[in-house]
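Input: a single structure, listed below in C-alpha cells.
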Amino acid sequence: MPTAYLSRTVRFDATHRYFRPDWTAARNAEVFGSGASAHAHAYQCVVTVCGTTDPRTGMVLDLGVLDRILAEEVVARFDRKNITLDVPEFAPGRALPTGEELCLDIWRRVAARLPAYCSLAAVRVQEDPTLYAEYRGEA
C-alpha cells in the first residue's frame with residue numbers, strides 16, 4: 001500500500017532567550033547576538049504524520065486525534081509562555097530553546113502519542129517567514 005502524508009500547522013506566541021548560565025553575559029552576547037536577550041516570536045509548527053490510508057475513512061489519522069495531540073503537546077505547552085522560564089526542559093542550564101531543540105522536543109512528545117498504525121514524518125518549527133528548523137527522525 002502506498003504511503004500518504006498528513007500535515008497540520010498550529011501556531012503559538014512565545015518568548016525565549018538563548019543563554020548559557022555557565023558563560024558570562026559578554027560570551028552569551030558574542031555567541032547568540034540579539035538572541036541572548038528575551039525576545040518573542042509568532043511561531044508556526046507543522047507536524048507531518050504518515051502511513052497507509054484506512055480503507056474505510058481514507059485517512060492516515062483522524063484529524064481530530066492529531067489536533068488533540070498538538071493542542072496538548074505544542075500549543076498548551078508553549079503558547080503565551082516564556083519558554084526559557086516556563087518550560088522545564090528549556091530552563092537555564094538545560095536545552096537552549098532553539099528551533100532545532102524545539103523540533104526534537106515536539107517530535108518526542110508527539111511520536112509517543114501517535115497510534116501504532118501511523119508514524120511521525122517531520123516536525124517543523126518556524127520563527128518567522130525566513131527562518132525555520134525541521135526534524136525528520138534521523139538519528
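Each chain in the C-alpha cells gets a letter, A, B, ..., in the order shown, and its residues are numbered from 1; ligands are numbered from 1 in order too.
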
(request) Run DSSP on the backbone of this structure and report the residues of chain A it assigns to helix (DSSP H, G or I), as a PyMOL selection string. (result) chain A and resi 25-36+63-78+83-86+88-90+99-111

Go ahead and dump the residues you just picked, N, CA and C atoms, as a CSV table (one decimal), in the first residue's frame.
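File out37.csv, as written:
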```
chain,number,residue,atom,x,y,z
A,25,ALA,N,27.9,37.2,30.5
A,25,ALA,CA,26.9,37.9,29.7
A,25,ALA,C,27.6,38.3,28.3
A,26,ALA,N,28.9,38.7,28.4
A,26,ALA,CA,29.6,39.0,27.2
A,26,ALA,C,29.7,37.9,26.2
A,27,ARG,N,30.1,36.7,26.8
A,27,ARG,CA,30.2,35.5,25.9
A,27,ARG,C,28.9,35.1,25.3
A,28,ASN,N,27.8,35.2,26.1
A,28,ASN,CA,26.4,34.9,25.6
A,28,ASN,C,26.1,35.9,24.4
A,29,ALA,N,26.4,37.1,24.6
A,29,ALA,CA,26.1,38.1,23.6
A,29,ALA,C,26.9,37.9,22.4
A,30,GLU,N,28.2,37.5,22.6
A,30,GLU,CA,29.1,37.3,21.4
A,30,GLU,C,28.6,36.1,20.6
A,31,VAL,N,28.2,35.0,21.2
A,31,VAL,CA,27.7,33.8,20.5
A,31,VAL,C,26.3,33.9,20.0
A,32,PHE,N,25.4,34.4,20.8
A,32,PHE,CA,24.0,34.4,20.4
A,32,PHE,C,23.5,35.8,19.9
A,33,GLY,N,24.3,36.8,19.9
A,33,GLY,CA,23.8,38.1,19.4
A,33,GLY,C,22.6,38.6,20.1
A,34,SER,N,21.7,39.1,19.4
A,34,SER,CA,20.4,39.6,20.0
A,34,SER,C,19.6,38.5,20.6
A,35,GLY,N,19.8,37.3,20.2
A,35,GLY,CA,19.1,36.2,20.8
A,35,GLY,C,19.4,35.9,22.3
A,36,ALA,N,20.5,36.6,22.8
A,36,ALA,CA,20.8,36.4,24.2
A,36,ALA,C,19.9,37.2,25.1
A,63,LEU,N,-8.1,13.4,11.9
A,63,LEU,CA,-7.6,14.8,12.2
A,63,LEU,C,-7.9,15.3,13.6
A,64,GLY,N,-9.0,14.9,14.1
A,64,GLY,CA,-9.4,15.2,15.5
A,64,GLY,C,-8.4,14.7,16.5
A,65,VAL,N,-7.9,13.5,16.3
A,65,VAL,CA,-6.9,12.9,17.1
A,65,VAL,C,-5.6,13.7,17.0
A,66,LEU,N,-5.1,14.0,15.8
A,66,LEU,CA,-3.9,14.8,15.6
A,66,LEU,C,-4.1,16.2,16.3
A,67,ASP,N,-5.3,16.8,16.1
A,67,ASP,CA,-5.5,18.2,16.7
A,67,ASP,C,-5.4,18.1,18.2
A,68,ARG,N,-6.0,17.1,18.8
A,68,ARG,CA,-5.9,17.0,20.3
A,68,ARG,C,-4.4,16.9,20.7
A,69,ILE,N,-3.7,16.0,20.1
A,69,ILE,CA,-2.3,15.8,20.4
A,69,ILE,C,-1.5,17.1,20.3
A,70,LEU,N,-1.7,17.9,19.2
A,70,LEU,CA,-1.0,19.1,19.0
A,70,LEU,C,-1.4,20.2,20.0
A,71,ALA,N,-2.7,20.2,20.3
A,71,ALA,CA,-3.2,21.2,21.3
A,71,ALA,C,-2.6,21.0,22.6
A,72,GLU,N,-2.4,19.7,23.0
A,72,GLU,CA,-1.8,19.4,24.3
A,72,GLU,C,-0.3,19.5,24.4
A,73,GLU,N,0.4,19.0,23.3
A,73,GLU,CA,1.8,18.8,23.4
A,73,GLU,C,2.6,20.0,22.8
A,74,VAL,N,1.9,20.9,22.0
A,74,VAL,CA,2.5,22.0,21.4
A,74,VAL,C,1.9,23.3,22.0
A,75,VAL,N,0.6,23.5,21.6
A,75,VAL,CA,0.0,24.8,22.0
A,75,VAL,C,-0.1,25.1,23.5
A,76,ALA,N,-0.6,24.1,24.2
A,76,ALA,CA,-0.7,24.3,25.7
A,76,ALA,C,0.6,24.5,26.3
A,77,ARG,N,1.7,23.8,25.8
A,77,ARG,CA,3.0,23.9,26.5
A,77,ARG,C,3.7,25.2,26.2
A,78,PHE,N,3.5,25.8,25.0
A,78,PHE,CA,4.3,26.9,24.6
A,78,PHE,C,3.5,28.2,24.4
A,83,ILE,N,9.4,30.4,27.1
A,83,ILE,CA,9.9,29.1,27.1
A,83,ILE,C,11.1,28.8,28.0
A,84,THR,N,11.9,29.8,28.1
A,84,THR,CA,13.1,29.7,29.0
A,84,THR,C,12.7,29.6,30.5
A,85,LEU,N,11.7,30.2,30.9
A,85,LEU,CA,11.3,30.2,32.3
A,85,LEU,C,10.1,29.3,32.6
A,86,ASP,N,9.2,29.0,31.6
A,86,ASP,CA,8.0,28.3,31.9
A,86,ASP,C,8.0,26.8,31.5
A,88,PRO,N,10.1,23.5,31.7
A,88,PRO,CA,11.3,22.9,32.4
A,88,PRO,C,12.4,22.4,31.5
A,89,GLU,N,12.1,21.8,30.4
A,89,GLU,CA,13.1,21.2,29.6
A,89,GLU,C,14.0,22.3,29.0
A,90,PHE,N,13.6,23.5,29.0
A,90,PHE,CA,14.4,24.6,28.4
A,90,PHE,C,14.8,25.6,29.5
A,99,GLY,N,15.1,26.7,17.6
A,99,GLY,CA,14.1,26.0,16.7
A,99,GLY,C,14.4,24.5,16.6
A,100,GLU,N,15.7,24.2,16.5
A,100,GLU,CA,16.1,22.8,16.4
A,100,GLU,C,15.8,22.0,17.6
A,101,GLU,N,16.0,22.5,18.8
A,101,GLU,CA,15.7,21.8,20.0
A,101,GLU,C,14.2,21.7,20.2
A,102,LEU,N,13.5,22.8,19.8
A,102,LEU,CA,12.0,22.7,19.9
A,102,LEU,C,11.5,21.6,19.0
A,103,CYS,N,12.0,21.4,17.8
A,103,CYS,CA,11.6,20.3,16.9
A,103,CYS,C,11.9,19.0,17.6
A,104,LEU,N,13.0,18.8,18.2
A,104,LEU,CA,13.3,17.5,18.8
A,104,LEU,C,12.4,17.2,20.0
A,105,ASP,N,12.1,18.2,20.8
A,105,ASP,CA,11.2,18.1,21.9
A,105,ASP,C,9.8,17.7,21.5
A,106,ILE,N,9.3,18.5,20.5
A,106,ILE,CA,8.0,18.2,20.0
A,106,ILE,C,7.9,16.8,19.3
A,107,TRP,N,8.9,16.5,18.6
A,107,TRP,CA,9.0,15.1,18.0
A,107,TRP,C,8.8,14.0,19.1
A,108,ARG,N,9.6,14.1,20.1
A,108,ARG,CA,9.5,13.1,21.2
A,108,ARG,C,8.1,13.0,21.8
A,109,ARG,N,7.5,14.1,22.0
A,109,ARG,CA,6.2,14.2,22.7
A,109,ARG,C,5.1,13.7,21.8
A,110,VAL,N,5.1,14.2,20.5
A,110,VAL,CA,4.0,13.8,19.6
A,110,VAL,C,4.2,12.3,19.2
A,111,ALA,N,5.4,11.9,18.9
A,111,ALA,CA,5.6,10.5,18.4
A,111,ALA,C,5.1,9.5,19.5
```

(request) List every residue of chain A that DSSP, applied to the backbone of this structure, places in strand (DSSP E), and write the result as a PyMOL selection string. (result) chain A and resi 4-16+39-51+81-82+119-128+131-135

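Between CA of Arg136 in chain A and CA of Thr53 in chain A the separation is 20.4 Å.
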
(request) Would you mind telling me which residue in A:Ala38, A:Leu6, A:Val49, A:Val87 lies nearest to Leu114 in chain A when using only C-alpha atoms? (result) A:Val49

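Using only C-alpha atoms, the smallest distance between any of A:Thr15, A:Gln44, A:Thr24, A:Thr52 and Pro2 in chain A comes from A:Thr52.
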